[in-house]
$ cat coords.cif   # mmCIF, C-alpha atoms and all ligand atoms
data_model
loop_
_atom_site.label_atom_id
_atom_site.label_comp_id
_atom_site.auth_asym_id
_atom_site.auth_seq_id
_atom_site.Cartn_x
_atom_site.Cartn_y
_atom_site.Cartn_z
CA MET A 1 -10.19 -25.72 14.62
CA LYS A 2 -11.14 -29.13 13.25
CA ASN A 3 -13.13 -29.36 10.06
CA ARG A 4 -13.57 -33.10 9.69
CA ASP A 5 -17.18 -33.86 10.60
CA ARG A 6 -18.91 -30.74 9.25
CA LYS A 7 -17.99 -27.67 7.31
CA ILE A 8 -16.86 -24.69 9.41
CA GLY A 9 -17.29 -21.17 8.09
CA CYS A 10 -14.51 -18.60 8.46
CA VAL A 11 -14.64 -14.87 7.83
CA VAL A 12 -11.44 -13.49 6.34
CA THR A 13 -11.36 -9.70 6.51
CA GLY A 14 -8.90 -8.15 4.08
CA ALA A 15 -9.51 -11.10 1.70
CA ALA A 16 -8.68 -8.98 -1.35
CA GLY A 17 -5.30 -8.12 0.13
CA PHE A 18 -1.96 -9.84 -0.25
CA VAL A 19 -1.98 -12.09 2.84
CA GLY A 20 -5.78 -12.40 3.14
CA SER A 21 -6.13 -13.84 -0.38
CA HIS A 22 -3.49 -16.50 0.32
CA LEU A 23 -5.15 -17.37 3.61
CA ALA A 24 -8.58 -17.65 1.95
CA GLU A 25 -7.18 -20.01 -0.70
CA ARG A 26 -5.54 -22.21 1.90
CA LEU A 27 -8.72 -22.41 4.01
CA LEU A 28 -10.75 -23.44 0.94
CA SER A 29 -8.17 -26.09 0.12
CA GLU A 30 -8.69 -27.45 3.67
CA ASN A 31 -12.45 -27.66 3.10
CA TYR A 32 -13.56 -24.61 5.09
CA ARG A 33 -16.28 -22.24 3.89
CA VAL A 34 -14.75 -18.79 3.44
CA ILE A 35 -16.59 -15.49 3.61
CA GLY A 36 -14.30 -12.75 2.39
CA VAL A 37 -14.82 -9.13 3.45
CA ASP A 38 -12.94 -6.20 1.95
CA ASN A 39 -13.65 -2.61 0.90
CA PHE A 40 -10.73 -2.48 -1.60
CA PHE A 41 -8.99 0.32 0.29
CA SER A 42 -5.67 -1.24 -0.70
CA GLY A 43 -6.83 -4.70 -1.86
CA ARG A 44 -7.32 -5.66 -5.49
CA LYS A 45 -10.01 -7.56 -7.38
CA GLU A 46 -7.28 -9.58 -9.20
CA ASN A 47 -6.28 -11.11 -5.87
CA LEU A 48 -9.68 -12.79 -5.76
CA THR A 49 -9.34 -14.43 -9.20
CA ALA A 50 -8.78 -17.97 -7.92
CA LEU A 51 -11.36 -17.52 -5.15
CA TRP A 52 -14.42 -16.49 -7.22
CA LYS A 53 -14.60 -19.89 -8.89
CA HIS A 54 -14.76 -21.81 -5.63
CA PRO A 55 -18.28 -22.90 -4.57
CA ASP A 56 -17.45 -22.41 -0.87
CA PHE A 57 -16.27 -18.81 -1.31
CA SER A 58 -18.54 -15.79 -0.86
CA PHE A 59 -17.49 -12.17 -0.88
CA HIS A 60 -18.96 -9.07 0.74
CA GLU A 61 -17.71 -5.62 -0.23
CA ARG A 62 -18.11 -4.01 3.17
CA SER A 63 -16.03 -2.08 5.66
CA VAL A 64 -14.92 -3.69 8.90
CA THR A 65 -15.96 -0.46 10.60
CA GLU A 66 -19.66 -1.26 9.95
CA ALA A 67 -21.51 -2.06 13.18
CA GLY A 68 -23.01 -5.55 13.38
CA LEU A 69 -20.93 -6.95 10.50
CA LEU A 70 -20.30 -10.40 12.02
CA GLY A 71 -23.91 -10.70 13.24
CA ASP A 72 -25.17 -10.01 9.69
CA LEU A 73 -22.81 -12.61 8.25
CA LYS A 74 -23.69 -15.18 10.90
CA ALA A 75 -27.39 -14.74 10.02
CA GLN A 76 -26.54 -15.59 6.40
CA TYR A 77 -23.99 -18.33 7.15
CA PRO A 78 -24.98 -20.18 10.34
CA ASP A 79 -21.84 -22.36 10.16
CA LEU A 80 -19.64 -19.31 10.80
CA GLU A 81 -17.40 -19.92 13.81
CA CYS A 82 -14.14 -18.24 13.15
CA CYS A 83 -12.81 -14.84 12.16
CA PHE A 84 -9.38 -14.07 10.70
CA HIS A 85 -9.16 -10.31 10.98
CA LEU A 86 -6.54 -9.00 8.56
CA ALA A 87 -8.22 -5.89 7.13
CA ALA A 88 -6.27 -2.79 8.05
CA ILE A 89 -4.77 0.45 6.90
CA VAL A 90 -1.28 -0.86 6.22
CA SER A 91 0.60 2.22 5.05
CA VAL A 92 2.67 3.63 7.89
CA PRO A 93 3.03 7.12 6.29
CA TYR A 94 -0.75 7.22 5.67
CA SER A 95 -1.28 6.35 9.34
CA VAL A 96 0.97 9.25 10.37
CA ASP A 97 -1.12 11.66 8.26
CA HIS A 98 -4.48 10.10 9.30
CA PRO A 99 -4.10 8.91 12.89
CA GLU A 100 -7.81 9.02 13.72
CA THR A 101 -8.94 7.00 10.70
CA THR A 102 -6.13 4.53 11.39
CA MET A 103 -7.24 4.08 15.00
CA GLU A 104 -10.84 3.62 13.87
CA VAL A 105 -10.02 0.98 11.22
CA ASN A 106 -7.08 -0.82 12.85
CA CYS A 107 -8.06 -0.72 16.49
CA GLN A 108 -11.70 0.21 17.15
CA ALA A 109 -13.05 -2.02 14.37
CA ALA A 110 -10.93 -4.92 15.64
CA VAL A 111 -12.21 -4.47 19.19
CA ASN A 112 -15.82 -4.30 17.94
CA LEU A 113 -15.44 -7.42 15.79
CA LEU A 114 -13.79 -9.25 18.67
CA GLY A 115 -16.69 -8.35 20.97
CA GLU A 116 -19.17 -9.54 18.35
CA ALA A 117 -17.25 -12.79 17.80
CA ASP A 118 -17.26 -13.43 21.52
CA HIS A 119 -20.97 -12.63 21.82
CA LEU A 120 -21.81 -14.91 18.87
CA GLY A 121 -19.81 -17.74 20.46
CA PHE A 122 -17.12 -17.94 17.76
CA GLY A 123 -14.44 -20.50 18.57
CA ALA A 124 -11.60 -18.45 17.13
CA PHE A 125 -10.63 -14.86 16.42
CA VAL A 126 -7.15 -14.46 14.95
CA PHE A 127 -5.79 -10.95 14.55
CA ALA A 128 -3.06 -9.60 12.27
CA GLY A 129 -0.73 -7.73 14.58
CA SER A 130 2.61 -6.36 13.48
CA SER A 131 6.26 -5.98 14.39
CA ALA A 132 5.52 -2.23 14.38
CA GLU A 133 4.06 -2.86 17.85
CA TYR A 134 7.66 -2.84 19.13
CA GLY A 135 8.17 0.79 18.05
CA GLY A 136 11.79 1.83 18.39
CA GLU A 137 12.70 -1.08 20.72
CA GLN A 138 16.40 -1.85 20.30
CA ARG A 139 16.85 -5.12 22.19
CA LEU A 140 17.19 -8.00 19.72
CA PRO A 141 15.80 -10.46 19.00
CA LEU A 142 12.45 -8.84 19.72
CA LYS A 143 10.58 -10.79 22.37
CA GLU A 144 6.83 -10.59 22.84
CA GLU A 145 7.08 -9.01 26.28
CA TYR A 146 9.10 -6.05 24.96
CA ALA A 147 5.95 -4.36 23.59
CA THR A 148 4.26 -2.67 26.54
CA GLU A 149 2.03 0.26 27.37
CA HIS A 150 5.23 2.33 27.61
CA THR A 151 6.57 1.42 24.16
CA ARG A 152 7.25 4.52 22.08
CA HIS A 153 5.34 3.68 18.92
CA LEU A 154 6.67 5.37 15.81
CA SER A 155 3.31 5.70 14.04
CA ALA A 156 -0.44 5.43 14.53
CA TYR A 157 -0.12 2.14 12.64
CA GLY A 158 2.16 0.66 15.33
CA ARG A 159 0.08 2.05 18.19
CA SER A 160 -3.24 0.89 16.72
CA LYS A 161 -1.92 -2.63 16.15
CA TYR A 162 -0.48 -2.79 19.68
CA LEU A 163 -3.75 -1.73 21.34
CA ALA A 164 -5.82 -4.14 19.25
CA SER A 165 -3.44 -7.10 19.74
CA ARG A 166 -3.52 -6.55 23.48
CA GLU A 167 -7.33 -6.65 23.53
CA VAL A 168 -7.43 -9.76 21.34
CA ALA A 169 -4.91 -11.60 23.49
CA GLU A 170 -6.99 -10.94 26.59
CA ARG A 171 -10.08 -12.73 25.22
CA ARG A 172 -10.47 -16.47 25.45
CA CYS A 173 -11.31 -16.84 21.75
CA GLY A 174 -8.47 -14.57 20.59
CA VAL A 175 -4.91 -14.97 19.36
CA ALA A 176 -2.87 -12.11 17.87
CA LEU A 177 0.08 -12.72 15.57
CA ARG A 178 2.77 -10.09 15.34
CA CYS A 179 4.04 -10.66 11.83
CA PHE A 180 7.38 -9.30 10.69
CA ASN A 181 8.12 -8.49 7.01
CA ILE A 182 5.89 -10.76 4.93
CA TYR A 183 6.68 -11.24 1.23
CA GLY A 184 5.56 -13.41 -1.67
CA PRO A 185 3.38 -13.48 -4.78
CA ARG A 186 0.62 -10.85 -5.05
CA GLN A 187 2.31 -8.29 -2.81
CA ASP A 188 1.63 -4.99 -4.57
CA PRO A 189 4.91 -3.44 -5.80
CA THR A 190 3.32 -0.26 -7.15
CA SER A 191 3.01 1.70 -3.93
CA PRO A 192 6.10 3.40 -2.48
CA TYR A 193 5.05 1.91 0.85
CA SER A 194 4.93 -1.70 -0.37
CA GLY A 195 7.21 -4.30 1.05
CA VAL A 196 10.82 -3.83 0.00
CA ILE A 197 11.00 -7.28 -1.65
CA SER A 198 8.08 -6.66 -4.01
CA ARG A 199 9.58 -3.31 -5.02
CA PHE A 200 13.09 -4.69 -5.49
CA VAL A 201 11.81 -7.60 -7.59
CA ALA A 202 9.74 -5.27 -9.81
CA LEU A 203 12.71 -2.93 -10.33
CA ALA A 204 15.14 -5.79 -10.97
CA LEU A 205 12.85 -7.32 -13.61
CA GLN A 206 12.83 -3.93 -15.37
CA GLN A 207 16.67 -3.91 -15.22
CA GLN A 208 16.58 -0.80 -13.01
CA PRO A 209 18.81 -0.01 -10.02
CA LEU A 210 17.46 -0.99 -6.60
CA THR A 211 17.06 1.97 -4.25
CA ILE A 212 18.85 1.69 -0.92
CA PHE A 213 18.27 4.32 1.76
CA GLY A 214 21.40 4.97 3.82
CA ASP A 215 24.19 2.41 4.08
CA GLY A 216 21.95 -0.61 3.45
CA LEU A 217 23.08 -2.25 6.68
CA GLN A 218 19.65 -1.89 8.27
CA THR A 219 18.11 -5.32 8.81
CA ARG A 220 14.66 -6.88 8.51
CA ASP A 221 13.23 -10.29 9.32
CA PHE A 222 11.56 -11.58 6.11
CA ILE A 223 8.97 -14.33 6.25
CA TYR A 224 7.35 -16.02 3.25
CA VAL A 225 3.57 -15.75 2.95
CA SER A 226 2.81 -19.51 3.06
CA ASP A 227 4.60 -19.77 6.42
CA VAL A 228 2.45 -16.92 7.72
CA VAL A 229 -0.72 -18.62 6.45
CA GLU A 230 0.27 -21.81 8.26
CA ALA A 231 0.74 -19.74 11.43
CA TYR A 232 -2.80 -18.32 11.06
CA LEU A 233 -4.28 -21.82 10.87
CA ARG A 234 -2.31 -22.99 13.90
CA ALA A 235 -3.30 -19.87 15.81
CA ALA A 236 -6.98 -20.64 15.16
CA SER A 237 -6.46 -24.09 16.66
CA LEU A 238 -4.99 -22.50 19.79
CA CYS A 239 -7.94 -20.17 20.30
CA GLY A 240 -10.00 -20.97 23.36
CA LYS A 241 -7.36 -23.31 24.77
CA ALA A 242 -5.18 -22.66 27.78
CA THR A 243 -1.85 -22.30 26.02
CA GLY A 244 0.32 -23.21 28.99
CA GLY A 245 2.79 -20.39 29.43
CA GLY A 246 1.99 -18.94 26.00
CA LYS A 247 2.92 -15.36 25.29
CA ASN A 248 -0.08 -14.34 23.16
CA PRO A 249 0.41 -12.11 21.11
CA TYR A 250 3.00 -14.21 19.26
CA ASN A 251 5.79 -13.18 16.92
CA ILE A 252 5.80 -14.64 13.42
CA GLY A 253 9.07 -14.23 11.56
CA MET A 254 12.06 -16.25 10.37
CA GLY A 255 13.98 -15.48 13.52
CA LYS A 256 16.83 -14.30 11.26
CA SER A 257 17.71 -10.88 10.03
CA THR A 258 18.97 -9.91 6.59
CA THR A 259 20.54 -6.60 5.60
CA ILE A 260 18.81 -4.63 2.88
CA LEU A 261 22.13 -4.56 1.00
CA GLU A 262 22.39 -8.35 1.04
CA LEU A 263 18.75 -8.64 -0.03
CA ALA A 264 19.25 -6.24 -2.96
CA GLU A 265 22.39 -8.03 -4.14
CA THR A 266 20.68 -11.44 -3.91
CA ILE A 267 17.69 -10.25 -5.94
CA ASN A 268 19.91 -8.61 -8.56
CA GLY A 269 21.86 -11.87 -8.79
CA LEU A 270 18.75 -14.07 -9.14
CA VAL A 271 17.19 -11.81 -11.77
CA GLU A 272 20.53 -11.08 -13.52
CA ASN A 273 19.91 -7.36 -13.16
CA HIS A 274 23.13 -5.52 -13.97
CA ALA A 275 21.79 -2.04 -13.14
CA GLY A 276 23.12 -2.34 -9.56
CA LEU A 277 22.02 -0.12 -6.69
CA ALA A 278 20.95 3.52 -6.29
CA ILE A 279 22.09 4.85 -2.91
CA CYS A 280 19.82 7.55 -1.44
CA PRO A 281 19.96 9.42 1.88
CA GLU A 282 18.72 7.59 4.97
CA ARG A 283 14.97 8.03 5.63
CA PRO A 284 14.18 9.64 8.97
CA GLY A 285 12.02 7.41 11.19
CA ASP A 286 13.11 4.11 9.62
CA ILE A 287 13.95 1.53 12.25
CA ARG A 288 17.54 0.33 12.04
CA PHE A 289 17.44 -3.35 13.01
CA SER A 290 14.68 -5.92 13.27
CA GLU A 291 14.67 -9.61 14.15
CA ALA A 292 11.94 -11.72 15.76
CA SER A 293 12.28 -14.16 18.58
CA VAL A 294 10.03 -16.99 17.34
CA ASP A 295 10.45 -19.51 20.15
CA ALA A 296 7.09 -18.78 21.82
CA PHE A 297 4.86 -19.71 18.89
CA HIS A 298 7.06 -22.70 18.10
CA LYS A 299 6.60 -23.89 21.66
CA VAL A 300 2.80 -23.58 21.81
CA ALA A 301 1.91 -24.42 18.21
CA GLY A 302 4.87 -26.44 16.90
CA TRP A 303 5.10 -23.86 14.09
CA GLU A 304 8.35 -23.08 12.32
CA PRO A 305 9.12 -21.35 9.05
CA ARG A 306 9.76 -23.78 6.19
CA VAL A 307 10.59 -21.54 3.23
CA SER A 308 14.14 -20.18 3.14
CA LEU A 309 14.69 -16.63 1.94
CA LEU A 310 16.35 -17.89 -1.25
CA GLU A 311 13.48 -20.26 -2.06
CA GLY A 312 10.89 -17.60 -1.24
CA LEU A 313 12.67 -15.06 -3.43
CA ARG A 314 12.77 -17.54 -6.33
CA LYS A 315 9.01 -18.14 -6.03
CA THR A 316 8.28 -14.42 -5.77
CA ILE A 317 10.43 -13.62 -8.80
CA ALA A 318 8.78 -16.41 -10.85
CA TRP A 319 5.34 -15.03 -10.01
CA ALA A 320 6.34 -11.41 -10.76
CA ARG A 321 7.89 -12.45 -14.08
CA ALA A 322 4.75 -14.38 -15.09
CA SER A 323 2.43 -11.51 -14.15
CA GLN A 324 4.61 -9.01 -16.01
CA GLU A 325 4.50 -11.22 -19.11
CA ALA A 326 0.72 -11.68 -18.78
CA SER A 327 0.16 -7.91 -18.52
CA SER A 328 2.32 -7.23 -21.59
CA GLN A 329 0.20 -9.60 -23.76
CA PRO A 330 -2.03 -7.70 -26.21
N1 LIG B 401 2.65 -7.46 4.65
C1 LIG B 401 3.35 -7.38 5.77
O1 LIG B 401 4.59 -7.37 5.74
C2 LIG B 401 2.67 -7.34 7.12
C3 LIG B 401 3.47 -7.39 8.28
C4 LIG B 401 2.85 -7.36 9.51
C5 LIG B 401 1.47 -7.28 9.61
N2 LIG B 401 0.71 -7.23 8.47
C6 LIG B 401 -0.74 -7.15 8.63
O2 LIG B 401 -1.34 -8.19 7.87
C7 LIG B 401 -2.60 -7.74 7.37
C8 LIG B 401 -2.65 -7.96 5.87
O3 LIG B 401 -1.65 -7.14 5.27
P1 LIG B 401 -1.31 -7.19 3.72
O4 LIG B 401 0.14 -7.06 3.57
O5 LIG B 401 -2.02 -8.32 3.10
O6 LIG B 401 -1.92 -5.80 3.23
P2 LIG B 401 -3.01 -5.49 2.12
O7 LIG B 401 -3.10 -4.01 2.00
O8 LIG B 401 -2.73 -6.26 0.89
O9 LIG B 401 -4.34 -6.07 2.81
C9 LIG B 401 -5.14 -5.32 3.70
C10 LIG B 401 -6.57 -5.43 3.20
O10 LIG B 401 -7.46 -4.78 4.10
C11 LIG B 401 -8.45 -4.12 3.33
N3 LIG B 401 -9.07 -3.06 4.12
C12 LIG B 401 -8.50 -1.91 4.57
N4 LIG B 401 -9.40 -1.20 5.26
C13 LIG B 401 -10.56 -1.91 5.25
C14 LIG B 401 -11.84 -1.70 5.80
N5 LIG B 401 -12.14 -0.60 6.51
N6 LIG B 401 -12.80 -2.64 5.61
C15 LIG B 401 -12.54 -3.77 4.89
N7 LIG B 401 -11.33 -4.01 4.34
C16 LIG B 401 -10.36 -3.09 4.52
C17 LIG B 401 -7.68 -3.60 2.13
O11 LIG B 401 -8.51 -3.24 1.04
C18 LIG B 401 -6.77 -4.76 1.83
O12 LIG B 401 -7.36 -5.68 0.93
C19 LIG B 401 -2.74 -6.29 7.79
O13 LIG B 401 -3.51 -6.23 8.96
C20 LIG B 401 -1.32 -5.86 8.09
O14 LIG B 401 -1.27 -4.81 9.02
C21 LIG B 401 1.28 -7.26 7.23
#
$ encode --input "coords.cif" --output "structure tokens"
Amino acid sequence: MKNRDRKIGCVVTGAAGFVGSHLAERLLSENYRVIGVDNFFSGRKENLTALWKHPDFSFHERSVTEAGLLGDLKAQYPDLECCFHLAAIVSVPYSVDHPETTMEVNCQAAVNLLGEADHLGFGAFVFAGSSAEYGGEQRLPLKEEYATEHTRHLSAYGRSKYLASREVAERRCGVALRCFNIYGPRQDPTSPYSGVISRFVALALQQQPLTIFGDGLQTRDFIYVSDVVEAYLRAASLCGKATGGGKNPYNIGMGKSTTILELAETINGLVENHAGLAICPERPGDIRFSEASVDAFHKVAGWEPRVSLLEGLRKTIAWARASQEASSQP
């Protein structure tokens, strides 16, 4: 996806969300036109603060489930050639309670947008898949080929992402990225279903104990948001090319696992929170261990994570501290 000779327009669905807003900012900094789409289901207007001011940013408050969405946008922005589709229902418990809505938003809308992108001749369609596509898979590190039709998905979220990723990967213009646990500034800590890092940082800054479910030895693969954004850009460049032995969909993670206990202790140490930990009973349905194999995307796109967990945590804490201070100003 080269942008040297003329401006290329990109749709970012989920632009008011955590990852989508970072991606939109990066695309603008690389001289792309960005058309953000979001219905604020979980996204926030504050996430668009830096974007509003930019002359190459436009925003449409619409749902990705609306028929003909990309065609309408293409009619308004003829330079549109690329779609980063991140909008989704992201709460796993919500998806368990609302499987049909989740399938409609996370899978059917993605398939419809992909079909439209193909029909309109878009050069790239990059989809936000998820590590939840591996369900209860226990072989580690998780390799792309482990997610199959027979995978026992633990939620409608995991199933919907798997089905959509598979469709995207089959199209010439499509690449799906199976992201592991993304963290960084602007991740919403207020929902009980938010990423564990945003919740731990918020609690630590309030000098409150960090809640651990079970023995804390469960692991996750945490990846900083700027590394994920870089992966999205590289994925767009791969779209439409024969990727020589590629394993589309591709995993995006650090390729390292961290225990929740270690994470909590590190955050308490960095924030100087002396309230310690609150140990609660294990949550049924939580996966025990997670770690990505990231060789495939490295091989096809030369991508590798650059931000260490410690550095990423420092940046996230600095942002959370600054936003807490800003919100406490009269
Ligand atoms: N954060 C993570 O750890 C993680 C990990 C793997 C995959 N992902 C995927 O990355 C994407 C972005 O996640 P995020 O963490 O930024 O979550 P987020 O909730 O901040 O962003 C999702 C955005 O989609 C919007 N949205 C939801 N339904 C919509 C609809 N019908 N029409 C238009 N917009 C709609 C929401 O309002 C929100 O702004 C999602 O697809 C998610 O499944 C995230």
$ residues_around --input "coords.cif" --residues "range 47-55 of chain A" --least-positions-apart "6" --cutoff "7 Å" --atoms "all atoms listed in the file" --output "compact mmCIF listing (two decimals) with C-alpha atoms, in the coordinates of the input"
# COMPACT_ATOMS: atom_id res chain seq x y z
CA ALA A 16 -8.68 -8.98 -1.35
CA GLY A 17 -5.30 -8.12 0.13
CA SER A 21 -6.13 -13.84 -0.38
CA GLU A 25 -7.18 -20.01 -0.70
CA ARG A 186 0.62 -10.85 -5.05
$ residues_around --input "coords.cif" --residues "Leu23 in chain A" --least-positions-apart "2" --cutoff "9 Å" --atoms "only C-alpha atoms" --output "VMD selection string"
chain A and resid 12 15 19 to 21 25 to 28 84 225 to 226 228 to 230 232 to 233
$ residues_near_ligand --input "coords.cif" --ligand "ligand LIG 401 (chain B)" --cutoff "7 Å" --atoms "all atoms listed in the file" --output "JSON, numbers by chain"
{"A": [13, 14, 15, 16, 17, 18, 19, 20, 37, 38, 39, 40, 41, 42, 43, 44, 62, 63, 64, 65, 86, 87, 88, 89, 90, 105, 128, 129, 130, 131, 178, 179, 180, 181, 182, 183, 187, 195]}
$ residues_near_point --input "coords.cif" --point "(11.9, -13.6, 15.8)" --cutoff "6 Å" --atoms "all atoms listed in the file" --output "ChimeraX atom specification"
/A:141,253,255,291-294
$ atom_distance --input "coords.cif" --atom1 "CA of His98 in chain A" --atom2 "CA of Leu210 in chain A"
29.3 Å
$ residues_around --input "coords.cif" --residues "Ile267 in chain A" --least-positions-apart "6" --cutoff "12 Å" --atoms "all atoms listed in the file" --output "ChimeraX atom specification"
/A:196-205,207-210,260-261,273-277,309-318
